[in-house]
Every structure is written in C-alpha cells, then in structure tokens.
$ cat my_file-v3.txt   # compact mmCIF, C-alpha atoms and all ligand atoms
# COMPACT_ATOMS: atom_id res chain seq x y z
CA MET A 212 7.07 -25.32 8.77
CA ILE A 213 10.28 -25.40 10.78
CA LEU A 214 13.36 -27.54 10.36
CA GLU A 215 14.40 -27.83 13.99
CA ARG A 216 17.59 -29.84 13.56
CA ILE A 217 19.57 -31.77 11.01
CA SER A 218 22.11 -34.53 11.18
CA ILE A 219 24.43 -35.07 8.20
CA LEU A 220 27.03 -37.76 7.56
CA GLY A 221 29.27 -37.91 4.49
CA TYR A 222 27.23 -35.57 2.26
CA LYS A 223 29.59 -33.91 -0.26
CA ASN A 224 32.38 -32.27 1.77
CA ILE A 225 30.42 -32.40 5.06
CA GLU A 226 31.86 -35.31 6.99
CA GLN A 227 29.62 -34.90 9.99
CA ALA A 228 27.27 -32.19 11.26
CA GLU A 229 24.65 -32.05 14.00
CA LEU A 230 22.91 -28.68 13.91
CA THR A 231 19.99 -27.07 15.69
CA PHE A 232 18.31 -24.21 13.85
CA SER A 233 16.58 -20.95 14.67
CA PRO A 234 12.91 -20.91 13.58
CA LYS A 235 13.58 -17.59 11.82
CA LEU A 236 17.02 -16.85 10.39
CA ASN A 237 20.06 -19.10 10.02
CA CYS A 238 23.19 -17.51 8.58
CA PHE A 239 26.22 -19.38 7.27
CA ILE A 240 29.45 -17.54 6.60
CA GLY A 241 32.64 -18.88 5.13
CA ASN A 242 35.09 -18.52 2.27
CA ASN A 243 34.61 -19.98 -1.19
CA GLY A 244 34.41 -23.76 -1.48
CA MET A 245 33.98 -24.36 2.27
CA GLY A 246 30.63 -26.19 2.17
CA LYS A 247 27.93 -23.50 2.65
CA THR A 248 26.03 -24.49 -0.49
CA ASN A 249 26.47 -28.17 0.38
CA LEU A 250 24.73 -27.59 3.70
CA LEU A 251 21.79 -25.85 1.97
CA ASP A 252 21.78 -28.66 -0.58
CA ALA A 253 21.33 -31.24 2.19
CA VAL A 254 18.23 -29.30 3.34
CA TYR A 255 17.05 -29.17 -0.28
CA TYR A 256 17.57 -32.94 -0.57
CA LEU A 257 15.16 -33.59 2.28
CA SER A 258 12.41 -31.71 0.39
CA PHE A 259 12.98 -33.00 -3.14
CA CYS A 260 14.72 -36.39 -2.68
CA LYS A 261 17.51 -35.08 -4.88
CA SER A 262 20.32 -32.56 -4.93
CA HIS A 263 19.70 -29.10 -6.34
CA ASN A 264 22.86 -29.09 -8.44
CA ASN A 265 24.01 -32.68 -8.93
CA GLN A 266 21.60 -35.34 -10.16
CA VAL A 267 24.22 -38.11 -9.91
CA ASP A 268 23.71 -39.42 -6.38
CA SER A 269 27.04 -41.24 -6.12
CA GLN A 270 28.77 -37.85 -6.60
CA ASN A 271 26.86 -36.45 -3.62
CA ILE A 272 28.46 -38.99 -1.28
CA LYS A 273 31.72 -37.74 0.26
CA HIS A 274 34.60 -38.83 -2.00
CA ASP A 275 36.15 -41.33 0.41
CA ALA A 276 32.90 -42.53 2.04
CA ASP A 277 30.59 -45.45 1.16
CA PHE A 278 27.36 -43.76 2.12
CA ALA A 279 25.72 -40.46 3.04
CA LEU A 280 22.94 -39.91 5.56
CA ILE A 281 20.73 -36.86 6.04
CA GLN A 282 18.20 -36.75 8.84
CA GLY A 283 15.90 -33.76 9.38
CA TYR A 284 13.51 -33.15 12.28
CA TYR A 285 10.61 -30.87 11.36
CA LEU A 286 7.63 -29.20 12.98
CA LEU A 287 4.86 -29.41 10.40
CA GLY A 288 1.95 -27.95 12.28
CA GLY A 289 1.26 -30.96 14.51
CA ALA A 290 2.48 -31.01 18.10
CA ALA A 291 5.11 -33.69 17.52
CA GLU A 292 8.36 -33.40 15.64
CA GLU A 293 8.54 -35.50 12.45
CA GLU A 294 11.66 -37.26 11.24
CA PHE A 295 12.69 -37.46 7.58
CA PHE A 296 15.56 -39.75 6.76
CA CYS A 297 17.54 -40.22 3.59
CA SER A 298 20.39 -42.59 2.92
CA LEU A 299 22.53 -42.81 -0.22
CA ARG A 300 24.78 -45.79 -0.87
CA ARG A 301 27.03 -46.36 -3.83
CA ARG A 302 25.38 -48.64 -6.45
CA GLN A 303 22.21 -49.00 -4.36
CA LYS A 304 18.77 -47.47 -4.51
CA LYS A 305 18.41 -44.51 -2.15
CA GLN A 306 16.18 -44.91 0.87
CA PHE A 307 13.76 -42.23 1.96
CA LYS A 308 11.70 -42.54 5.15
CA ARG A 309 9.16 -40.48 7.05
CA ASN A 310 8.99 -41.34 10.75
CA LYS A 311 10.94 -44.57 10.06
CA LYS A 312 8.49 -45.75 7.36
CA GLU A 313 9.89 -45.99 3.86
CA TYR A 314 7.98 -44.29 1.04
CA GLU A 315 6.57 -46.60 -1.63
CA LYS A 316 7.22 -43.95 -4.26
CA LEU A 317 9.49 -40.92 -3.84
CA SER A 318 6.83 -38.82 -5.60
CA ASP A 319 4.60 -39.36 -2.51
CA HIS A 320 7.06 -37.21 -0.57
CA ILE A 321 7.16 -34.24 -2.98
CA GLY A 322 5.29 -31.32 -1.47
CA CYS A 323 5.45 -32.56 2.15
CA LEU A 324 8.31 -30.16 2.94
CA PRO A 325 7.75 -27.16 0.65
CA LEU A 326 10.93 -25.22 -0.05
CA VAL A 327 12.22 -22.48 -2.34
CA MET A 328 15.90 -22.12 -3.10
CA VAL A 329 17.46 -18.99 -4.57
CA SER A 330 20.87 -19.92 -5.94
CA PRO A 331 23.50 -18.54 -8.33
CA SER A 332 22.54 -21.29 -10.82
CA ASP A 333 19.10 -19.64 -11.18
CA SER A 334 20.71 -17.52 -13.90
CA ASP A 335 20.15 -20.63 -16.07
CA LEU A 336 16.47 -19.66 -16.05
CA ILE A 337 17.40 -16.75 -18.31
CA THR A 338 20.49 -18.00 -20.12
CA GLY A 339 19.60 -21.68 -20.41
CA GLY A 340 17.29 -23.53 -22.79
CA SER A 341 13.51 -23.72 -22.47
CA GLU A 342 13.78 -26.89 -20.32
CA GLU A 343 15.05 -24.70 -17.45
CA ARG A 344 11.91 -22.57 -17.59
CA ARG A 345 9.61 -25.60 -17.81
CA LYS A 346 11.47 -27.10 -14.84
CA PHE A 347 10.73 -23.91 -12.89
CA MET A 348 6.98 -24.28 -13.52
CA ASP A 349 7.11 -28.03 -12.80
CA VAL A 350 8.94 -27.61 -9.50
CA VAL A 351 6.43 -25.02 -8.25
CA LEU A 352 3.29 -26.81 -9.38
CA SER A 353 4.38 -30.32 -8.38
CA GLN A 354 4.99 -29.19 -4.82
CA PHE A 355 1.34 -28.51 -4.06
CA ASP A 356 -0.64 -30.11 -6.88
CA LYS A 357 -0.42 -33.91 -7.01
CA ASP A 358 -2.74 -34.01 -10.08
CA TYR A 359 -0.17 -31.90 -11.91
CA LEU A 360 2.72 -34.10 -10.81
CA HIS A 361 0.94 -37.31 -11.82
CA ALA A 362 -0.18 -35.85 -15.18
CA LEU A 363 3.43 -34.85 -15.82
CA ILE A 364 4.73 -38.33 -14.96
CA ARG A 365 2.13 -39.96 -17.27
CA TYR A 366 2.84 -37.41 -20.01
CA ASN A 367 6.58 -38.14 -19.89
CA LYS A 368 5.95 -41.90 -20.05
CA ALA A 369 3.66 -41.48 -23.09
CA LEU A 370 6.25 -39.21 -24.69
CA GLN A 371 8.95 -41.85 -24.20
CA GLN A 372 6.68 -44.45 -25.80
CA ARG A 373 5.92 -42.29 -28.84
CA ASN A 374 9.61 -41.40 -29.21
CA ALA A 375 10.53 -45.12 -29.03
CA LEU A 376 8.05 -45.83 -31.85
CA LEU A 377 9.46 -42.97 -33.91
CA LYS A 378 12.99 -44.33 -33.48
CA SER A 379 12.19 -48.01 -34.06
CA ASP A 380 13.00 -49.55 -37.44
CA MET A 381 9.70 -51.46 -37.50
CA GLN A 382 6.81 -49.82 -39.31
CA ALA A 383 4.47 -49.27 -36.36
CA ASP A 384 0.75 -49.34 -36.93
CA ASP A 385 -1.00 -45.93 -37.00
CA SER A 386 -3.35 -47.06 -34.24
CA LEU A 387 -0.35 -47.43 -31.94
CA TYR A 388 0.64 -43.83 -32.61
CA GLU A 389 -2.93 -42.71 -32.03
CA LEU A 390 -2.96 -44.43 -28.65
CA TRP A 391 0.05 -42.49 -27.35
CA GLU A 392 -0.97 -39.26 -29.07
CA GLU A 393 -4.37 -39.31 -27.39
CA GLN A 394 -2.72 -39.83 -24.02
CA LEU A 395 -0.23 -37.02 -24.73
CA ALA A 396 -3.09 -34.72 -25.66
CA TYR A 397 -5.14 -35.67 -22.59
CA GLU A 398 -2.33 -35.24 -20.04
CA GLY A 399 -0.87 -32.32 -22.01
CA HIS A 400 -4.12 -30.40 -21.71
CA ILE A 401 -4.19 -30.81 -17.91
CA ILE A 402 -0.60 -29.55 -17.69
CA TYR A 403 -1.21 -26.66 -20.11
CA ALA A 404 -4.28 -25.41 -18.20
CA LYS A 405 -2.49 -25.55 -14.85
CA ARG A 406 0.66 -23.83 -16.16
CA LYS A 407 -1.43 -21.08 -17.75
CA ALA A 408 -3.46 -20.42 -14.59
CA PHE A 409 -0.29 -20.47 -12.49
CA ILE A 410 1.58 -17.91 -14.61
CA GLU A 411 -1.43 -15.56 -14.72
CA GLN A 412 -1.61 -15.57 -10.94
CA PHE A 413 2.18 -15.41 -10.59
CA ILE A 414 2.90 -12.33 -12.77
CA PRO A 415 1.63 -9.51 -10.47
CA THR A 416 3.59 -10.84 -7.46
CA PHE A 417 6.71 -11.28 -9.58
CA GLN A 418 6.40 -7.68 -10.86
CA TYR A 419 5.82 -6.42 -7.34
CA TYR A 420 9.05 -8.03 -6.09
CA TYR A 421 11.06 -6.84 -9.09
CA ASN A 422 9.93 -3.22 -8.59
CA PHE A 423 10.47 -3.39 -4.87
CA ILE A 424 14.05 -4.63 -5.26
CA CYS A 425 15.14 -2.42 -8.19
CA GLN A 426 13.49 0.84 -7.00
CA SER A 427 13.61 2.36 -10.49
CA ASN A 428 11.32 2.44 -13.51
CA GLU A 429 12.42 -0.78 -15.22
CA THR A 430 9.39 -2.79 -16.32
CA VAL A 431 9.43 -6.56 -16.47
CA GLU A 432 7.08 -9.01 -18.10
CA LEU A 433 6.63 -12.74 -18.28
CA LYS A 434 4.51 -14.64 -20.78
CA TYR A 435 3.63 -18.32 -21.00
CA GLU A 436 4.15 -19.69 -24.51
CA SER A 437 2.64 -22.98 -25.60
CA GLN A 438 1.71 -24.58 -28.91
CA LEU A 439 -1.51 -25.62 -27.21
CA GLU A 440 -2.59 -21.97 -27.05
CA ASP A 441 -4.20 -22.17 -30.46
CA GLU A 442 -3.78 -25.77 -31.61
CA ASN A 443 -5.55 -29.04 -30.88
CA GLN A 444 -2.80 -31.39 -29.75
CA VAL A 445 -4.19 -34.60 -31.29
CA ALA A 446 -4.40 -32.89 -34.69
CA LEU A 447 -0.99 -31.29 -34.24
CA LEU A 448 0.73 -34.60 -33.37
CA LYS A 449 -0.94 -36.33 -36.32
CA GLN A 450 0.14 -33.56 -38.64
CA LYS A 451 3.76 -33.73 -37.38
CA ARG A 452 3.97 -37.55 -37.37
CA GLU A 453 5.82 -38.07 -40.67
CA ARG A 454 8.33 -35.32 -39.90
CA ASP A 455 8.82 -36.66 -36.36
CA LYS A 456 9.63 -40.10 -37.84
CA ILE A 457 12.50 -38.57 -39.80
CA LEU A 458 13.76 -36.63 -36.76
CA GLY A 459 13.20 -39.52 -34.33
CA TYR A 460 11.48 -37.44 -31.63
CA THR A 461 8.23 -35.62 -30.87
CA THR A 462 8.30 -31.98 -31.94
CA ALA A 463 4.93 -30.79 -30.61
CA GLY A 464 3.43 -30.65 -27.15
CA ILE A 465 3.80 -29.12 -23.71
CA HIS A 466 7.36 -30.47 -23.46
CA ARG A 467 8.21 -27.58 -25.83
CA ASP A 468 6.53 -24.86 -23.71
CA ASP A 469 8.52 -21.79 -22.75
CA LEU A 470 8.36 -18.55 -20.78
CA ASP A 471 9.06 -15.32 -22.62
CA MET A 472 11.01 -13.13 -20.16
CA ARG A 473 11.12 -9.43 -20.97
CA MET A 474 12.50 -6.20 -19.59
CA ASP A 475 11.37 -2.85 -21.01
CA ASP A 476 9.88 -4.81 -23.92
CA TYR A 477 13.12 -6.56 -24.91
CA SER A 478 14.14 -10.14 -24.21
CA ILE A 479 16.04 -10.00 -20.91
CA LYS A 480 18.41 -12.66 -22.25
CA LYS A 481 19.55 -10.15 -24.89
CA VAL A 482 19.54 -6.88 -22.93
CA GLY A 483 19.72 -7.62 -19.19
CA SER A 484 22.83 -6.70 -17.20
CA GLN A 485 24.11 -9.25 -14.67
CA GLY A 486 22.45 -7.35 -11.81
CA GLN A 487 19.17 -7.00 -13.70
CA ASN A 488 19.17 -10.71 -14.55
CA LYS A 489 19.88 -11.54 -10.94
CA THR A 490 17.04 -9.25 -9.77
CA TYR A 491 14.70 -10.88 -12.32
CA VAL A 492 15.34 -14.42 -11.05
CA VAL A 493 15.33 -13.41 -7.38
CA ALA A 494 11.91 -11.75 -7.96
CA MET A 495 10.70 -14.95 -9.64
CA LYS A 496 11.85 -17.07 -6.72
CA LEU A 497 10.28 -14.78 -4.11
CA ALA A 498 7.02 -14.81 -6.08
CA GLN A 499 7.31 -18.61 -6.17
CA PHE A 500 7.59 -18.50 -2.39
CA ASP A 501 4.41 -16.41 -2.06
CA PHE A 502 2.56 -18.67 -4.45
CA LEU A 503 3.49 -21.85 -2.54
CA LYS A 504 2.69 -20.22 0.77
CA LYS A 505 -0.82 -19.29 -0.40
CA ALA A 506 -1.46 -22.60 -2.16
CA GLY A 507 -0.31 -24.85 0.67
CA SER A 508 -1.08 -25.26 4.33
CA THR A 509 2.41 -24.46 5.60
CA THR A 510 5.01 -21.71 5.04
CA PRO A 511 7.86 -23.00 2.85
CA ILE A 512 11.49 -22.91 3.93
CA LEU A 513 13.54 -20.31 2.04
CA LEU A 514 17.17 -21.02 1.11
CA LEU A 515 19.16 -18.00 -0.05
CA ASP A 516 22.54 -19.01 -1.42
CA ASP A 517 24.91 -16.14 -2.16
CA ILE A 518 21.95 -13.90 -2.96
CA PHE A 519 23.76 -10.53 -2.84
CA ASP A 520 26.42 -11.23 -5.46
CA LYS A 521 26.18 -8.86 -8.51
CA LEU A 522 23.64 -6.54 -6.86
CA ASP A 523 24.18 -2.84 -6.14
CA SER A 524 23.74 -1.44 -2.64
CA THR A 525 20.12 -0.30 -3.22
CA ARG A 526 19.09 -3.76 -4.35
CA VAL A 527 20.94 -5.42 -1.48
CA GLU A 528 19.23 -3.05 0.97
CA GLN A 529 15.79 -3.82 -0.48
CA ILE A 530 16.36 -7.58 -0.25
CA VAL A 531 17.55 -7.14 3.33
CA LYS A 532 14.26 -5.31 4.06
CA LEU A 533 12.27 -8.13 2.48
CA VAL A 534 13.91 -10.97 4.35
CA SER A 535 13.67 -9.12 7.66
CA GLU A 536 9.87 -8.98 7.26
CA ASP A 537 7.53 -11.50 8.80
CA ASN A 538 6.12 -12.70 5.45
CA PHE A 539 8.89 -15.27 5.23
CA GLY A 540 9.13 -18.16 7.66
CA GLN A 541 12.38 -19.98 8.32
CA ILE A 542 15.31 -18.72 6.24
CA PHE A 543 18.78 -20.18 5.58
CA ILE A 544 21.21 -17.71 4.08
CA THR A 545 24.85 -18.04 3.03
CA ASP A 546 27.41 -15.36 2.30
CA THR A 547 31.16 -14.94 2.12
CA ASN A 548 30.78 -11.38 3.36
CA ARG A 549 29.82 -10.84 6.98
CA ASP A 550 28.74 -7.20 6.30
CA HIS A 551 25.56 -8.15 4.44
CA LEU A 552 24.51 -10.52 7.17
CA ASP A 553 25.27 -7.97 9.90
CA GLU A 554 23.04 -5.54 8.00
CA ILE A 555 20.13 -8.00 8.15
CA LEU A 556 20.79 -8.96 11.75
CA LYS A 557 20.82 -5.38 13.02
CA ASP A 558 17.19 -4.85 11.88
CA LEU A 559 15.96 -8.25 12.92
CA ASN A 560 13.69 -8.35 15.95
CA SER A 561 13.59 -12.09 16.27
CA ASP A 562 16.04 -14.77 17.22
CA TYR A 563 18.73 -15.95 14.79
CA SER A 564 21.60 -18.41 14.54
CA LEU A 565 25.01 -17.81 13.03
CA TYR A 566 27.41 -20.48 11.80
CA GLN A 567 30.96 -20.50 10.44
CA VAL A 568 31.61 -23.02 7.67
CA GLU A 569 35.19 -24.16 7.06
CA GLY A 570 36.44 -27.18 5.14
CA GLY A 571 33.06 -28.94 5.43
CA GLY A 572 32.91 -28.39 9.20
CA ILE A 573 30.13 -26.21 10.61
CA ASN A 574 30.57 -24.31 13.90
CA GLN A 575 27.72 -22.49 15.59
CA LEU A 576 28.89 -18.98 16.62
CA LYS A 577 25.53 -17.87 18.06
N1 LIG B 601 31.25 -35.69 -3.18
C1 LIG B 601 32.08 -34.81 -2.63
N2 LIG B 601 33.00 -35.21 -1.72
C2 LIG B 601 33.85 -34.33 -1.15
N3 LIG B 601 33.87 -33.01 -1.43
C3 LIG B 601 32.97 -32.56 -2.32
C4 LIG B 601 32.04 -33.42 -2.97
N4 LIG B 601 31.27 -32.68 -3.81
C5 LIG B 601 31.71 -31.40 -3.69
N5 LIG B 601 32.73 -31.33 -2.81
C6 LIG B 601 33.50 -30.13 -2.41
O1 LIG B 601 32.65 -29.16 -1.86
C7 LIG B 601 33.25 -27.90 -2.05
C8 LIG B 601 32.23 -26.90 -2.54
O2 LIG B 601 31.41 -26.60 -1.49
P1 LIG B 601 30.27 -25.51 -1.62
O3 LIG B 601 29.75 -25.46 -3.00
O4 LIG B 601 29.30 -25.79 -0.53
O5 LIG B 601 31.11 -24.18 -1.31
P2 LIG B 601 30.60 -22.78 -0.79
O6 LIG B 601 31.05 -22.64 0.63
O7 LIG B 601 29.16 -22.61 -1.06
O8 LIG B 601 31.49 -21.84 -1.70
P3 LIG B 601 31.14 -20.51 -2.56
O9 LIG B 601 31.22 -19.37 -1.59
O10 LIG B 601 32.28 -20.48 -3.51
O11 LIG B 601 29.81 -20.67 -3.19
C9 LIG B 601 34.34 -28.04 -3.10
O12 LIG B 601 35.59 -27.91 -2.45
C10 LIG B 601 34.15 -29.45 -3.60
O13 LIG B 601 35.36 -30.07 -3.94
$ encode --input "my_file-v3.txt" --output "structure tokens" --more "lines below"
Ligand SMILES: Nc1ncnc2c1ncn2[C@@H]1O[C@H](COP(=O)(O)OP(=O)(O)OP(=O)(O)O)[C@@H](O)[C@H]1O
Amino acid sequence: MILERISILGYKNIEQAELTFSPKLNCFIGNNGMGKTNLLDAVYYLSFCKSHNNQVDSQNIKHDADFALIQGYYLLGGAAEEEFFCSLRRRQKKQFKRNKKEYEKLSDHIGCLPLVMVSPSDSDLITGGSEERRKFMDVVLSQFDKDYLHALIRYNKALQQRNALLKSDMQADDSLYELWEEQLAYEGHIIYAKRKAFIEQFIPTFQYYYNFICQSNETVELKYESQLEDENQVALLKQKRERDKILGYTTAGIHRDDLDMRMDDYSIKKVGSQGQNKTYVVAMKLAQFDFLKKAGSTTPILLLDDIFDKLDSTRVEQIVKLVSEDNFGQIFITDTNRDHLDEILKDLNSDYSLYQVEGGGINQLK
C-alpha cells in the first residue's frame, strides 16, 4: 500500500501542506516542536480516524482555525488511486469519506489502510497501566480481524451495561445481571482466544527483532495473562457480583488482561534501562508490522517517529539495516539529527524523499 500524496489544512500546527511521497522512504528533519510528529499524526489519522496522541478532536484543529482537513491519495493494489478524506469541525461530528462516499460507521474503515507507528510514547507500553498493553493487542487485531473488532465493541457495551447496574441505587434483578454476564462471557471468550493465538504467533518474531537490534545475549519474553486462562467467566462474574456491587465496577474479565514483559527473567519495567526499554518496544512494533503484513493483503505503512533517541550506535546501526531492507514497504521517518538519516540514505538503493519541517511548514528538499 502506498500513500502517494497528502493534502493537509489546519491540522495542529500545519496550516497548509500539499506533499507527494516516495513509495519507499520519506524523511522529515527539523528541530524540536516544528511539526514532524504532527505530519506523521495526520497520516495516522487517515488510518485510524483518530490522532495517535490526542483523542480530543477539537485540540487537533489548528488553534486559530475553525476546521481541519486531511486528504490522502493511496494505491491499494487496484490500478486507480483511492481518496480518503477527513474533516474535523469544532462542535461537529467528524466526517470520514472514501472516494467521496461517507462511511456509515467509522469502524468500517479500520483496517483499510493498515499502519504501524513507532513513537516515543510507546514507552507507555512498559511504564503505563495494563490498558496500554491491551490497547496494543486491540490495535493490531482490530486492523485485520473484523470479528475481533465487533466482539470488542459488543463486549465494551455489555461491560458498560453491567457497570451501570452495579452503580445504580435500584436493586436490579439477578436475571438482568445474568443477561449481561452471559454476553460478557460469550464475547470475552472470542477475544481471549484471538489474543492468545496472536501472542503465541507474535513472540518468535518479537524475539528475533530484539536480538537483531541489541546484538548481545539479553533474552526477552512476553506472556499473555488472562483470568480466562483457568476460569469460566460466567461463574467468575457470578462469584464476584456482590463484591462488584460494593466497588461499582466489574472486576473480572478480558478487560483486565495484561502482558507480562520480561528481560533476563525480570520484569522489564523494574530492570530495563531506557535503551533496553526502547529496544523492547521497537521490537514489538516491528513484529506487529510483520504480523499485519502476513495477516492482510497489503503491506502496512510504517511511521518511525524519533526512533533513534536513547539507543547506542550498535542499535541505531541495526535499525538502519532493518529499515533499508525490502521487507518494509513505505516508510515515514522523522529525526532532529540529519546524521542518522544520511546513514540510512547512503545504503538505500531505492528512491527517497527528504523534507525540512519548520514552524508547521514542510519543504521538500529532494
Ligand atoms: N491544535 C494545535 N494548533 C496549533 N499548534 C499546535 C496544536 N497542537 C500542537 N501544536 C504545536 O505543535 C508543535 C509540536 O509539534 P510536533 O510534536 O510535531 O513537533 P516535532 O517536530 O515532532 O518535535 P520533536 O522533535 O520535539 O518531537 C508544538 O509547538 C505545539 O504547540
């Protein structure tokens, strides 16, 4: 899949940009706070109908503007270019269109433009709460498995309903609880089975990337943890019901799943250095890329935002080798330091584009 060109109006600090991209490598250089991440975020928006780092849409519109527009023109395997259009207006529902036709549901779009973003905020995967790690699994699986996405949407609705009952002052009938608990168990089982299969398949690729980048004998592991591993969810929810009424929320189910992330048998959260943590999440994201590429019919776009920060020269060199290979399709990479990019470009056989980003303006240098 190739993003051939993009047109942006009033998105964050980008007032206006009309850019044509290389099918292989697109490099953006600029100082801190100039708009490099914002540009990648606009590309991310076209894939996920939301920003990577700001869920409040009104804050993604340029401060003094009334609306933001992002238009992307893609080659998706067919002969003709396809247009994806997104408009954000203050206090209005966002519009999302494919070839001028508005989507009925935004979830219909998820997966059409597969994309993986490696960003400095990925460190939240290690340092953040378990919801970050569930989000990681959800983002990967939802992009190619509609059954997963729909089961997750139904699960979350049932969870909201059960939580509303738990919080309400009225004494709800047990049969009402049973109704939602059976639905939670049904959808929860679908999600559990798919997460489990995904992580099993994911681990060897993740370990391969970690070892390739670190080039030493650090060993990393990843384990899926779920209460459903050895419990029946209907029985578990029934057993927890009285306690949940006191707490006012549901304490059992796949919405409590986690990933145990380890290095040399210790929790990486406790022992990992900044560079090791960074390598761990970069390896996860590259494995995510491989997984999506194999599962889908098109090669995802790869966004690499400030990927070299915190890494030693060996690790930088290994990542440079990886991204210069043909395994990856179209890549967008940002850096404040021209040296890293020059290193990649000197080994690259194919065509590339280079842009300078300054104060939200983007100039093509090559
Ligand atoms: N809604 C908005 N309207 C105008 N400017 C915004 C908006 N949201 C963010 N910005 C500005 O965008 C800038 C940050 O841009 P961005 O994160 O893309 O920087 P960057 O070039 O990636 O920098 P770094 O190298 O530090 O990561 C900040 O100056 C911020 O004030």
$ residues_near_ligand --input "my_file-v3.txt" --ligand "ligand LIG 601 (chain B)" --cutoff "10 Å" --atoms "only C-alpha atoms and all ligand atoms" --output "number ranges by chain"
A: 221-226, 239-252, 264-265, 268-276, 279, 330-331, 516-517, 545-548, 568-571
$ atom_distance --input "my_file-v3.txt" --atom1 "atom CA of A:Val431" --atom2 "atom CA of A:Asp469"
16.5 Å
$ atom_distance --input "my_file-v3.txt" --atom1 "atom CA of A:Tyr397" --atom2 "atom CA of A:Ala362"
8.9 Å
$ residues_around --input "my_file-v3.txt" --residues "A:Met348" --least-positions-apart "4" --cutoff "8 Å" --atoms "all atoms listed in the file" --output "VMD selection string"
chain A and resid 344 352 406
$ residues_near_point --input "my_file-v3.txt" --point "(-1.4, -38.1, -39.2)" --cutoff "12 Å" --atoms "all atoms listed in the file" --output "PyMOL selection string"
chain A and resi 384-389+392+444-456
$ residues_near_point --input "my_file-v3.txt" --point "(15.6, -13.1, -22.0)" --cutoff "10 Å" --atoms "only C-alpha atoms" --output "number ranges by chain"
A: 336-339, 433, 470-474, 477-483, 488, 491
$ write_last_selection --input "my_file-v3.txt" --atoms "C-alpha atoms" --output "mmCIF file, in the coordinates of the input"
data_model
loop_
_atom_site.group_PDB
_atom_site.id
_atom_site.type_symbol
_atom_site.label_atom_id
_atom_site.label_comp_id
_atom_site.auth_asym_id
_atom_site.auth_seq_id
_atom_site.Cartn_x
_atom_site.Cartn_y
_atom_site.Cartn_z
ATOM 1 C CA LEU A 336 16.470 -19.660 -16.050
ATOM 2 C CA ILE A 337 17.400 -16.750 -18.310
ATOM 3 C CA THR A 338 20.490 -18.000 -20.120
ATOM 4 C CA GLY A 339 19.600 -21.680 -20.410
ATOM 5 C CA LEU A 433 6.630 -12.740 -18.280
ATOM 6 C CA LEU A 470 8.360 -18.550 -20.780
ATOM 7 C CA ASP A 471 9.060 -15.320 -22.620
ATOM 8 C CA MET A 472 11.010 -13.130 -20.160
ATOM 9 C CA ARG A 473 11.120 -9.430 -20.970
ATOM 10 C CA MET A 474 12.500 -6.200 -19.590
ATOM 11 C CA TYR A 477 13.120 -6.560 -24.910
ATOM 12 C CA SER A 478 14.140 -10.140 -24.210
ATOM 13 C CA ILE A 479 16.040 -10.000 -20.910
ATOM 14 C CA LYS A 480 18.410 -12.660 -22.250
ATOM 15 C CA LYS A 481 19.550 -10.150 -24.890
ATOM 16 C CA VAL A 482 19.540 -6.880 -22.930
ATOM 17 C CA GLY A 483 19.720 -7.620 -19.190
ATOM 18 C CA ASN A 488 19.170 -10.710 -14.550
ATOM 19 C CA TYR A 491 14.700 -10.880 -12.320
#
$ atom_distance --input "my_file-v3.txt" --atom1 "atom CA of A:Ala228" --atom2 "atom CA of A:Asp553"
24.3 Å
$ residues_around --input "my_file-v3.txt" --residues "A:Ile542" --least-positions-apart "6" --cutoff "8 Å" --atoms "only C-alpha atoms" --output "MDAnalysis selection string"
chainID A and resid 235:237 512:515
$ closest_residue --input "my_file-v3.txt" --among "A:Gln303, A:Gln529, A:Gln499, A:Gln485" --to "A:Ile414" --atoms "only C-alpha atoms"
A:Gln499
$ closest_residue --input "my_file-v3.txt" --among "A:Gly340, A:Gly459, A:Pro415, A:Gly464" --to "A:Leu439" --atoms "only C-alpha atoms"
A:Gly464
$ closest_residue --input "my_file-v3.txt" --among "A:Arg302, A:Lys521, A:Lys577, A:Arg549" --to "A:Val493" --atoms "only C-alpha atoms"
A:Lys521
$ closest_residue --input "my_file-v3.txt" --among "A:Ala494, A:Ala506, A:Leu317, A:Ala253" --to "A:Gln354" --atoms "only C-alpha atoms"
A:Ala506
$ closest_residue --input "my_file-v3.txt" --among "A:Asp501, A:Asp468, A:Glu442, A:Glu429" --to "A:Lys346" --atoms "all atoms listed in the file"
A:Asp468
$ closest_residue --input "my_file-v3.txt" --among "A:Ala463, A:Leu257, A:Leu377, A:Leu230" --to "A:Leu565" --atoms "all atoms listed in the file"
A:Leu230
$ residues_around --input "my_file-v3.txt" --residues "A:Met212" --least-positions-apart "2" --cutoff "10 Å" --atoms "all atoms listed in the file" --output "PyMOL selection string"
chain A and resi 214-215+234+285-289+323-326+508-512+540-541
$ write_last_selection --input "my_file-v3.txt" --atoms "C-alpha atoms" --output "short mmCIF file (atom, residue, chain, number, x, y, z; two decimals), in the coordinates of the input"
data_model
loop_
_atom_site.label_atom_id
_atom_site.label_comp_id
_atom_site.auth_asym_id
_atom_site.auth_seq_id
_atom_site.Cartn_x
_atom_site.Cartn_y
_atom_site.Cartn_z
CA LEU A 214 13.36 -27.54 10.36
CA GLU A 215 14.40 -27.83 13.99
CA PRO A 234 12.91 -20.91 13.58
CA TYR A 285 10.61 -30.87 11.36
CA LEU A 286 7.63 -29.20 12.98
CA LEU A 287 4.86 -29.41 10.40
CA GLY A 288 1.95 -27.95 12.28
CA GLY A 289 1.26 -30.96 14.51
CA CYS A 323 5.45 -32.56 2.15
CA LEU A 324 8.31 -30.16 2.94
CA PRO A 325 7.75 -27.16 0.65
CA LEU A 326 10.93 -25.22 -0.05
CA SER A 508 -1.08 -25.26 4.33
CA THR A 509 2.41 -24.46 5.60
CA THR A 510 5.01 -21.71 5.04
CA PRO A 511 7.86 -23.00 2.85
CA ILE A 512 11.49 -22.91 3.93
CA GLY A 540 9.13 -18.16 7.66
CA GLN A 541 12.38 -19.98 8.32
#
$ residues_around --input "my_file-v3.txt" --residues "A:Glu536" --least-positions-apart "6" --cutoff "10 Å" --atoms "only C-alpha atoms" --output "list of chain:residue names"
A:Asp558, A:Leu559, A:Asn560
$ axis_aligned_box --input "my_file-v3.txt" --around "stretch 451-463 of chain A" --padding-each-side "5 Å" --output "AutoDock Vina command-line options"
--center_x 8.8 --center_y -35.4 --center_z -35.6 --size_x 20.0 --size_y 19.3 --size_z 20.1
